[in-house]
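Notes for the one structure printed next.
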Amino acid sequence: MPDNLKKTVQTGAGLVVRALEAQGVTHVFGVPGAKIDAVFDALVDSKIKTVVCRHEQNAAFIAGGIGRMTGKAGVAIATSGPGVSNLTTGLATANSEGDPVVALGGAVATQEALKQIHQTMDAVSILKPVTKYSVTVGAPDQVTEVMANAFRAAESGRPGAAYVNLPKDVQAAPCTHDPLLLPAFSGLGPADTSAIREAARLINAADNPVVLLGMLASRPANAEALQSFLTKSNLAVVGTFQSAGAVGAHLFDNFGGRVGQLANQPADRLLDSSDLVIAVGYDPVEYWPPEWNANTKRKIIHIDVLPADLENCYQPYVELTGDIAQTLDVLTQKISRPAKAALSASLLEAIIIERNRLAEESTKRGGSPIHPLRLVHELKQFLSSDVTVCLDMGSFHLWIARHLYSFRPRQVLISNGQQTLGVALPWGIAGAIVRPSEKVLSISGAGGFLYSAMELETAVRLKANLVHMVWIDGTYDMVATQEKLKYGRSSGTSFGPIDYIKYAEAFGATGLMINTPDQVAPVMRKAFETSGPVIVGVHVDYRDNHQLFEMIRGDSIH
């Protein structure tokens, strides 16, 4: 076929790209290969920007970050075999965290799928357990249907990951269809009227009700409705790590703090005291129910887009299943509580005193390496409303998740579902793309940094204005600390040093080091004023990390 005619015949690959455009996709992230190169070729003629990554896992992380910040599915793309299998961790993370992602993977031709040939793999079966939707496009006529349903699955209900497997022959075949559009008017309404009425009755009658916020509470529309609900009800509230930013600054005195991983926080005391828990947008993966709700008979009101997964320690008495914001709006109208519960008020007063004392003590933490609380205190000076913060996983993440507050939904991105190492820098790249007029700060520990550090080249290529901070101690400290508490010693947790300045410069980025507490502010100020990616290293004093895992109820580390 002559070259000038090839471009006039729409192929499956071309229709895939048109479907992406119809969904409003502006960027795709991935690594090319022979089984997906037809889609990469079609992307050249589209308005979509193709961002080549240095590892498919990180492409999925970036797509997940975009999904969390925008509510629209980010898109990752990989070739067959190891390209697709490399997506697995990124898609599992997005699915656990409630981040909408659509991943596209190349595959051998349909007639070769059952043969043991180069890069053949049952990708759909591999990815089905870690996605909401995982299918192969079996024929050209299915392209538009599968693409539309993949985006619908990723973005609806509790968002998550979808995977589309694209055989090589389907990509090359002629296809006459147009992209399918999702319904212009759709979605859930408020929960059942009688269930809302019963929930209001329970809230009005309870002696000490407490609100537990989860990931979906931090969606902007839900967070807006939540402010009215909390203002009207004057209830005490705690939140999981992923709910960061859901509570406005004007309600900070009602906020007991964040809970997660272990029940050893002041907010856990507040949650323990409740005779009624109102869980909003909460999923058990964020904070395991046996940690906070074991051996209790109190009632639970579950407000979410999906019914609860019933388990021994999480059995809601009332389920308000529907659009969270609309449900809260209706429920708010039926709340009649004259004042804050006395027990909650007393505990919140103690928490505020404790919070202020800790902040004062943090300013006095001197010396090098630098104590985590001093670092958190200094970082608070930079956390204005125009800074997006992306956290990796590790001991440092617990210090920040517990003590660095935010009052803007999805301003601070925290992982606690799969607790995946390496998410911070890719999320930071996503932040620089989605919020180009803002400052972006991503933070990792020394252990997590090298899981995705190769994407520094991607950040440099994109001229992304982001600062990535590495808290350095030379170990996988979270693992080491827990091993010492269990066995009296650590195993397999130490590694060698890195020259972070030279590493940054080798990629064309800027490298800076913080050596003393007094240097935190000026070095960070310089980093934010520098164009392009900046790596900031700081050696951290983790001697108090055992406190992160000490229990308040005599439970054991697990």
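Following the order of the structure tokens, chains are lettered A, B, ..., residues in each are numbered from 1, and ligands are numbered from 1.
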Fewer than 3 positions away in the same chain doesn't count, so skip those; otherwise give me all residues within 10 Å of Asp192 of chain A, counting only C-alpha atoms, as a tab-separated table (two decimals) with N, CA, C and O atoms, in the first residue's frame.
```tsv
chain	number	residue	atom	x	y	z
A	189	GLY	N	-26.78	9.22	42.75
A	189	GLY	CA	-27.46	10.26	43.51
A	189	GLY	C	-27.19	10.05	44.99
A	189	GLY	O	-26.34	9.25	45.38
A	195	ALA	N	-32.32	5.36	54.94
A	195	ALA	CA	-31.01	5.12	55.53
A	195	ALA	C	-30.40	6.42	56.03
A	195	ALA	O	-29.79	6.47	57.12
A	196	ILE	N	-30.58	7.50	55.27
A	196	ILE	CA	-30.08	8.81	55.71
A	196	ILE	C	-30.81	9.25	56.97
A	196	ILE	O	-30.19	9.78	57.92
A	197	ARG	N	-32.10	9.02	57.02
A	197	ARG	CA	-32.88	9.40	58.20
A	197	ARG	C	-32.39	8.66	59.45
A	197	ARG	O	-32.24	9.24	60.52
A	319	GLU	N	-25.67	1.76	56.01
A	319	GLU	CA	-24.86	2.03	54.82
A	319	GLU	C	-25.53	3.11	53.99
A	319	GLU	O	-26.68	2.95	53.58
A	320	LEU	N	-24.82	4.20	53.78
A	320	LEU	CA	-25.30	5.26	52.90
A	320	LEU	C	-24.51	5.16	51.60
A	320	LEU	O	-23.44	5.76	51.44
A	321	THR	N	-25.02	4.36	50.67
A	321	THR	CA	-24.33	4.09	49.42
A	321	THR	C	-24.86	5.01	48.33
A	321	THR	O	-26.06	4.99	48.01
A	322	GLY	N	-23.98	5.81	47.77
A	322	GLY	CA	-24.37	6.75	46.73
A	322	GLY	C	-23.29	7.79	46.55
A	322	GLY	O	-22.15	7.62	47.01
A	327	THR	N	-24.91	12.82	49.34
A	327	THR	CA	-25.38	12.18	50.57
A	327	THR	C	-25.09	13.05	51.78
A	327	THR	O	-25.95	13.23	52.66
```
Can you pull out every residue within 10 Å of segment 247-251 of chain A, counting only C-alpha atoms, but drop anything in the same chain fewer than 2 positions away, and send it as a ChimeraX atom specification?
-> /A:213,217-218,223-224,226-227,230-231,234-239,243-245,253-255,405-409
DSSP helix (DSSP H, G or I) selection over segment 463-522 of chain A, as a PyMOL selection string | chain A and resi 477-487+500-506+517-522
Between atom CA of Val75 of chain A and atom CA of Gly447 of chain A, distance in Å (one decimal) | 27.1 Å
Which neighbours of segment 411-418 of chain A fall inside 8 Å, counting only C-alpha atoms, when residues of the same chain fewer than 5 positions from it are skipped, and could you give them as a VMD selection string?
-> chain A and resid 92 to 93 96 to 97 241 to 242 244 to 245 260 to 261 285 to 286 385 387 to 393 401 406
Okay, now the selection with C-alpha atoms, as an mmCIF file, in the first residue's frame?
```cif
data_model
loop_
_atom_site.group_PDB
_atom_site.id
_atom_site.type_symbol
_atom_site.label_atom_id
_atom_site.label_comp_id
_atom_site.auth_asym_id
_atom_site.auth_seq_id
_atom_site.Cartn_x
_atom_site.Cartn_y
_atom_site.Cartn_z
ATOM 1 C CA ALA A 92 -1.650 -2.595 41.949
ATOM 2 C CA THR A 93 -0.680 0.610 43.751
ATOM 3 C CA SER A 96 -5.301 0.019 46.168
ATOM 4 C CA GLU A 97 -5.066 3.792 46.465
ATOM 5 C CA PHE A 241 -3.185 9.236 55.614
ATOM 6 C CA GLN A 242 -4.888 9.261 52.203
ATOM 7 C CA ALA A 244 -4.998 14.440 53.846
ATOM 8 C CA GLY A 245 -6.429 17.878 53.158
ATOM 9 C CA GLY A 260 -2.860 4.635 59.932
ATOM 10 C CA GLN A 261 -0.678 1.542 60.094
ATOM 11 C CA VAL A 285 -6.878 -1.007 53.009
ATOM 12 C CA GLU A 286 -6.182 2.492 54.348
ATOM 13 C CA SER A 385 -1.474 26.446 49.381
ATOM 14 C CA VAL A 387 2.851 23.536 47.067
ATOM 15 C CA THR A 388 2.064 19.930 46.152
ATOM 16 C CA VAL A 389 3.812 17.349 48.349
ATOM 17 C CA CYS A 390 4.341 13.745 47.184
ATOM 18 C CA LEU A 391 5.535 11.175 49.719
ATOM 19 C CA ASP A 392 7.312 7.892 49.186
ATOM 20 C CA MET A 393 7.148 5.040 51.686
ATOM 21 C CA ALA A 401 2.005 11.828 57.560
ATOM 22 C CA SER A 406 -2.665 20.182 54.950
#
```
